[in-house]
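The next block holds one structure in the form of structure tokens; read it before the comments.
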Amino acid sequence: MTLRNLPPMRDTDSNKFAAFLAIIATPFALGAFLLAFGPAAQYVNEDPAGDGYVPPRSIAQLVDRTQESTVTVWCDPAPSKGAQGTAWAIELETTKSKEYPTTLITNHHVIEDCIGVEGSVWIALPFEKQYQAVIVKWDKDNDLAVIATGKKLPVLALSDNPPWPGYWVMALGSADGFEGSVSFGNVLNTSKYEVYITNNLSHGNSGGALIDNEGFVIGVTTWGHTVEQYNGAVSLDAFCVKILDCQYDFKGEKTWWDYSN
């Protein structure tokens, strides 16, 4: 059998071969781009103003960042008479800021029995040392309270966007006494002063921050339903009654999303 030597490849042949390879490789490259673009597109959809329905890019980072600002609260006014809840740090100057520079938000019912009882409120990060806290002011009607402590904590920021039904939300707190508990869920619906959520809540969650997919606070977890399959949080609208100085004059006539439109 005689083997013939093939003629050397001409420049035009090499150009055709390169073009052939490019045609074959293009669909694969396009497919790889689309596979990479899909998750990337999801990652940028974290702004509740655009898409609050998606989970955050990194749930682990969001949990860790929120935990740094979230504490357990103990109210012990007398032996065998106490309450436990949750609080979170906020940027808010109070009359106690000089001595107790960190301001915390919790529920009124968590610290109610300690009002007027000096040295009866304590806070702590999960499984860390306890620090004394003082009660600054409260709003019984909306079940909110402001306390302060000398323990320095990073603050959580309030959301500028209203929580719509279906939005992804996270609740942190000391559920049933288990410090640092985390639950995920969605906004079921809202009313003027409350946000109804599917997150699991237990005694001890009271006062914790309800967090959106960017890490902003949209409410304060407050109560659990004993019959229906949803729980509740106080909305940011309720802050405007006695807790915060809002950017608009609160008249009790409009909800906070009315002002954002």
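Labels for the structure tokens follow display order: chains A, B, ..., residues from 1 in each chain, ligands from 1.
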
Shell around Pro165 (chain A) at 7 Å using only C-alpha atoms, local window under 3 positions removed, as a list of chain:residue names: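 Those residues are A:Val187, A:Leu188, A:Asn189.
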
Surrounding residues of region 131-137 of chain A excluding itself and chain neighbours under 4 positions, 9 Å, only C-alpha atoms, as a list in words: Val73, Thr94, Thr95, Lys96, Tyr100, Thr103, Ile111, Cys114, Ile115, Gly116, Glu118, Gly119, Ser120, Val121, Trp122, Ile123, Ala124, Leu144, Ala145, Val146, Ile147, Ala148, Thr149, Gly150, Lys151, Lys242 and Ile243 of chain A

Take the residues just selected and output them with N, CA and C atoms as a compact mmCIF listing (two decimals), in the first residue's frame.
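Output (result_31.txt):
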# COMPACT_ATOMS: atom_id res chain seq x y z
N VAL A 73 -32.58 40.39 75.05
CA VAL A 73 -32.94 41.32 76.12
C VAL A 73 -33.55 40.54 77.28
N THR A 94 -30.38 59.69 71.80
CA THR A 94 -31.35 59.82 72.88
C THR A 94 -30.77 60.66 74.01
N THR A 95 -31.56 60.88 75.04
CA THR A 95 -31.10 61.62 76.21
C THR A 95 -30.07 60.84 77.00
N LYS A 96 -29.93 59.55 76.71
CA LYS A 96 -28.97 58.70 77.41
C LYS A 96 -27.73 58.41 76.58
N TYR A 100 -24.83 55.97 77.50
CA TYR A 100 -25.16 54.71 76.84
C TYR A 100 -25.27 54.98 75.34
N THR A 103 -28.11 52.72 70.90
CA THR A 103 -29.56 52.73 71.02
C THR A 103 -30.15 51.47 70.41
N ILE A 111 -40.14 44.82 77.90
CA ILE A 111 -39.54 45.56 79.03
C ILE A 111 -40.58 46.22 79.93
N CYS A 114 -40.25 46.20 83.65
CA CYS A 114 -39.01 46.79 84.16
C CYS A 114 -39.02 48.31 84.16
N ILE A 115 -40.11 48.90 83.65
CA ILE A 115 -40.19 50.36 83.64
C ILE A 115 -40.21 50.88 85.08
N GLY A 116 -39.27 51.74 85.41
CA GLY A 116 -39.17 52.29 86.75
C GLY A 116 -38.38 51.44 87.72
N GLU A 118 -34.83 50.21 88.43
CA GLU A 118 -33.44 50.46 88.03
C GLU A 118 -32.61 49.17 88.05
N GLY A 119 -31.76 49.02 87.02
CA GLY A 119 -30.86 47.88 86.95
C GLY A 119 -31.51 46.56 86.63
N SER A 120 -32.68 46.60 86.01
CA SER A 120 -33.42 45.37 85.76
C SER A 120 -33.36 44.89 84.31
N VAL A 121 -32.73 45.66 83.41
CA VAL A 121 -32.67 45.29 82.00
C VAL A 121 -31.23 44.99 81.60
N TRP A 122 -31.06 43.86 80.90
CA TRP A 122 -29.73 43.43 80.46
C TRP A 122 -29.81 42.96 79.01
N ILE A 123 -28.69 43.12 78.29
CA ILE A 123 -28.64 42.67 76.89
C ILE A 123 -27.35 41.90 76.67
N ALA A 124 -27.33 41.10 75.61
CA ALA A 124 -26.10 40.38 75.26
C ALA A 124 -26.19 39.86 73.84
N LEU A 144 -43.79 49.32 71.06
CA LEU A 144 -42.40 49.62 70.74
C LEU A 144 -41.72 50.26 71.94
N ALA A 145 -40.41 50.07 72.04
CA ALA A 145 -39.65 50.68 73.13
C ALA A 145 -38.23 50.95 72.67
N VAL A 146 -37.63 51.96 73.27
CA VAL A 146 -36.24 52.31 73.01
C VAL A 146 -35.45 52.07 74.29
N ILE A 147 -34.37 51.29 74.17
CA ILE A 147 -33.47 51.09 75.29
C ILE A 147 -32.07 51.48 74.83
N ALA A 148 -31.14 51.61 75.77
CA ALA A 148 -29.77 52.02 75.42
C ALA A 148 -28.78 51.25 76.28
N THR A 149 -27.58 51.06 75.74
CA THR A 149 -26.55 50.30 76.44
C THR A 149 -25.17 50.87 76.13
N GLY A 150 -24.21 50.53 76.96
CA GLY A 150 -22.84 50.96 76.72
C GLY A 150 -22.08 50.04 75.79
N LYS A 151 -22.61 48.87 75.49
CA LYS A 151 -21.99 47.94 74.56
C LYS A 151 -22.09 48.48 73.14
N LYS A 242 -44.17 57.88 68.05
CA LYS A 242 -43.44 58.37 69.22
C LYS A 242 -41.95 58.05 69.21
N ILE A 243 -41.52 57.15 68.33
CA ILE A 243 -40.16 56.63 68.42
C ILE A 243 -39.17 57.44 67.59

All strand (DSSP E) positions in region 79-229 of chain A, as an MDAnalysis selection string: chainID A and resid 81:90 102:106 121:124 131:139 144:149 168:175 178:190 194:197 209:211 217:224

Option closest in space to Gly219 (chain A), from A:Ser181, A:Ser202, A:Ser80, A:Asn142 [counting only C-alpha atoms]: A:Asn142

List every residue of region 164-207 of chain A that has an atom at most 12 Å from any atom of region 55-64 of chain A, giving for each one its closest atom pair and the distance in Å to one decimal, counting only C-alpha atoms, sorted by chain and then by ascending residue number, as a tab-separated table.
residue	atom	partner	partner_atom	distance
A:Gly166	CA	A:Pro55	CA	11.4
A:Tyr167	CA	A:Pro55	CA	9.0
A:Trp168	CA	A:Pro55	CA	6.2
A:Val169	CA	A:Pro55	CA	8.4
A:Met170	CA	A:Val63	CA	8.5
A:Ala171	CA	A:Val63	CA	9.5
A:Leu172	CA	A:Val63	CA	8.3
A:Gly173	CA	A:Val63	CA	11.2
A:Gly180	CA	A:Val63	CA	9.5
A:Ser181	CA	A:Val63	CA	10.0
A:Val182	CA	A:Val63	CA	7.8
A:Ser183	CA	A:Val63	CA	10.0
A:Phe184	CA	A:Pro55	CA	9.6
A:Gly185	CA	A:Pro55	CA	10.0
A:Asn186	CA	A:Pro55	CA	10.2

Distance criterion (only C-alpha atoms): nearest to Asp143 (chain A) out of A:Gly207, A:Gly177, A:Pro79, A:Pro163: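 Using only C-alpha atoms, Asp143 (chain A) sits closest to A:Gly207.
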
Separation of CA of Gly224 (chain A) from CA of Ser191 (chain A), in Å and rounded to one decimal: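 Result for CA of Gly224 (chain A) versus CA of Ser191 (chain A): 16.0 Å, one decimal.
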
All helix (DSSP H, G or I) residues (DSSP, backbone) inside region 70-172 of chain A, as a PyMOL selection string: chain A and resi 108-114

Serialized selection, N, CA and C atoms, as a short mmCIF file (atom, residue, chain, number, x, y, z; two decimals), in the first residue's frame:
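Below is the file that was written, part.cif:
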data_model
loop_
_atom_site.label_atom_id
_atom_site.label_comp_id
_atom_site.auth_asym_id
_atom_site.auth_seq_id
_atom_site.Cartn_x
_atom_site.Cartn_y
_atom_site.Cartn_z
N HIS A 108 -42.45 46.91 73.55
CA HIS A 108 -42.84 47.41 74.85
C HIS A 108 -43.14 46.28 75.81
N HIS A 109 -43.80 45.21 75.32
CA HIS A 109 -44.19 44.14 76.25
C HIS A 109 -42.98 43.36 76.77
N VAL A 110 -41.82 43.50 76.10
CA VAL A 110 -40.61 42.83 76.58
C VAL A 110 -40.09 43.49 77.86
N ILE A 111 -40.14 44.82 77.90
CA ILE A 111 -39.54 45.56 79.03
C ILE A 111 -40.58 46.22 79.93
N GLU A 112 -41.84 45.95 79.68
CA GLU A 112 -42.92 46.65 80.39
C GLU A 112 -42.79 46.54 81.91
N ASP A 113 -42.51 45.35 82.41
CA ASP A 113 -42.45 45.16 83.86
C ASP A 113 -41.21 45.78 84.49
N CYS A 114 -40.25 46.20 83.65
CA CYS A 114 -39.01 46.79 84.16
C CYS A 114 -39.02 48.31 84.16
#

Nearest to Leu156 (chain A), chosen from A:Lys81, A:His203, A:Arg65, A:Lys140, with only C-alpha atoms counted in the distances: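 Closest to Leu156 (chain A) of all the choices is A:Arg65.
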
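Take the candidates A:Gly82, A:Asp160, A:Trp74, A:Val117 and check each one against Gly215 (chain A) using only C-alpha atoms; the shortest distance goes to A:Asp160.
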